[in-house]
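Asker: Before I ask anything, here is the structure I am working with.
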Amino acid sequence: MASKGGQQANEEDELILSLREEKGWAFPYLYLFQEFWCPSTLIQQINIFRKYFQPKDSDVVVASFPKSGTTWLKALTFAIVNHQRFSSIENHPLLTSNPHELVPPLYMFHAAPQDPKQQLHLLSQHEHLQAITPGTYTSRNSAPTSSSDAL
């Protein structure tokens, strides 16, 4: 009898083998998964997220396009969400930690929260919107990004 972990790995391998594959430049291969190209590790992480993530009304997902002010957006969202928890500027995590560490990507989600006192999930994402579970979103108008690319 196959173990549960081995069976899950086999299912994921079968899924990846069934997808269209192209040679990548940052990764050896990219796979067409839900109408977007991504490496196999990201497919596995998205599937773990979708399988185990239980959204709450208080969850916040920062969804942004790459290179559109994501660091600033994460820092601002973290500060707003945690304003009561870190009311003193002397011990605020943003003074010592990168916003990307404080607001991790969806694919870094694990079934058990790292901090048992954590009442909400504060996560971010650049991946295709189909990888997101519905929730509350903070976003920024992408028009400045588009216009600056045209210059």
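FYI, nothing fancy with the structure tokens labels: chains A, B, ... in order, residues from 1 per chain, ligands from 1 as they appear.
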Sort by chain and increasing residue number a table of all residues of range 81-103 of chain A within 12 Å of range 57-64 of chain A, each with its closest pair of atoms and their distance in Å to one decimal, counting only C-alpha atoms, and write it as a Markdown table.

Answerer:
```
| residue | atom | partner | partner_atom | distance |
| --- | --- | --- | --- | --- |
| A:Val81 | CA | A:Val60 | CA | 8.7 |
| A:Asn82 | CA | A:Val60 | CA | 11.8 |
| A:Pro99 | CA | A:Val62 | CA | 11.6 |
| A:His100 | CA | A:Val62 | CA | 11.0 |
| A:Leu102 | CA | A:Val62 | CA | 11.8 |
| A:Val103 | CA | A:Val62 | CA | 8.2 |
```

Asker: Those same residues, written as a CSV table (one decimal), in the first residue's frame with all heavy atoms?

Answerer:
```csv
chain,number,residue,atom,x,y,z
A,81,VAL,N,-2.7,46.7,8.9
A,81,VAL,CA,-3.3,45.5,9.6
A,81,VAL,C,-2.8,45.3,11.0
A,81,VAL,O,-3.5,44.9,11.9
A,81,VAL,CB,-3.0,44.3,8.7
A,81,VAL,CG1,-3.3,43.0,9.4
A,81,VAL,CG2,-3.8,44.3,7.4
A,82,ASN,N,-1.5,45.7,11.3
A,82,ASN,CA,-0.9,45.4,12.6
A,82,ASN,C,-0.8,46.7,13.4
A,82,ASN,O,0.0,46.7,14.4
A,82,ASN,CB,0.4,44.8,12.4
A,82,ASN,CG,0.3,43.4,11.9
A,82,ASN,OD1,-0.2,42.5,12.5
A,82,ASN,ND2,0.7,43.2,10.6
A,99,PRO,N,9.6,43.9,4.0
A,99,PRO,CA,8.2,43.6,3.8
A,99,PRO,C,7.9,42.3,3.2
A,99,PRO,O,6.8,41.7,3.4
A,99,PRO,CB,7.8,44.8,3.0
A,99,PRO,CG,8.7,45.9,3.3
A,99,PRO,CD,10.0,45.2,3.5
A,100,HIS,N,8.8,41.8,2.3
A,100,HIS,CA,8.6,40.5,1.6
A,100,HIS,C,8.6,39.3,2.6
A,100,HIS,O,8.0,38.3,2.4
A,100,HIS,CB,9.6,40.3,0.5
A,100,HIS,CG,9.4,41.3,-0.6
A,100,HIS,ND1,8.4,41.3,-1.4
A,100,HIS,CD2,10.2,42.4,-0.9
A,100,HIS,CE1,8.5,42.4,-2.3
A,100,HIS,NE2,9.6,43.0,-2.0
A,102,LEU,N,7.6,39.8,5.9
A,102,LEU,CA,6.4,40.0,6.7
A,102,LEU,C,5.1,39.7,6.0
A,102,LEU,O,4.1,39.3,6.7
A,102,LEU,CB,6.4,41.5,7.2
A,102,LEU,CG,7.6,41.9,8.0
A,102,LEU,CD1,7.6,43.4,8.3
A,102,LEU,CD2,7.7,41.1,9.3
A,103,VAL,N,5.1,39.8,4.7
A,103,VAL,CA,3.9,39.5,3.9
A,103,VAL,C,4.3,38.4,2.9
A,103,VAL,O,4.7,38.8,1.7
A,103,VAL,CB,3.3,40.7,3.3
A,103,VAL,CG1,2.0,40.4,2.5
A,103,VAL,CG2,3.0,41.8,4.3
```

Asker: Step one, run DSSP on the backbone; step two, keep only residues of range 66-110 of chain A assigned to helix (DSSP H, G or I); then write them as a count of residues only.

Answerer: 25

Asker: In Å, how far is it from CA of Cys38 in chain A to CA of Ile16 in chain A?

Answerer: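 That distance, rounded to one decimal, is 10.7 Å.
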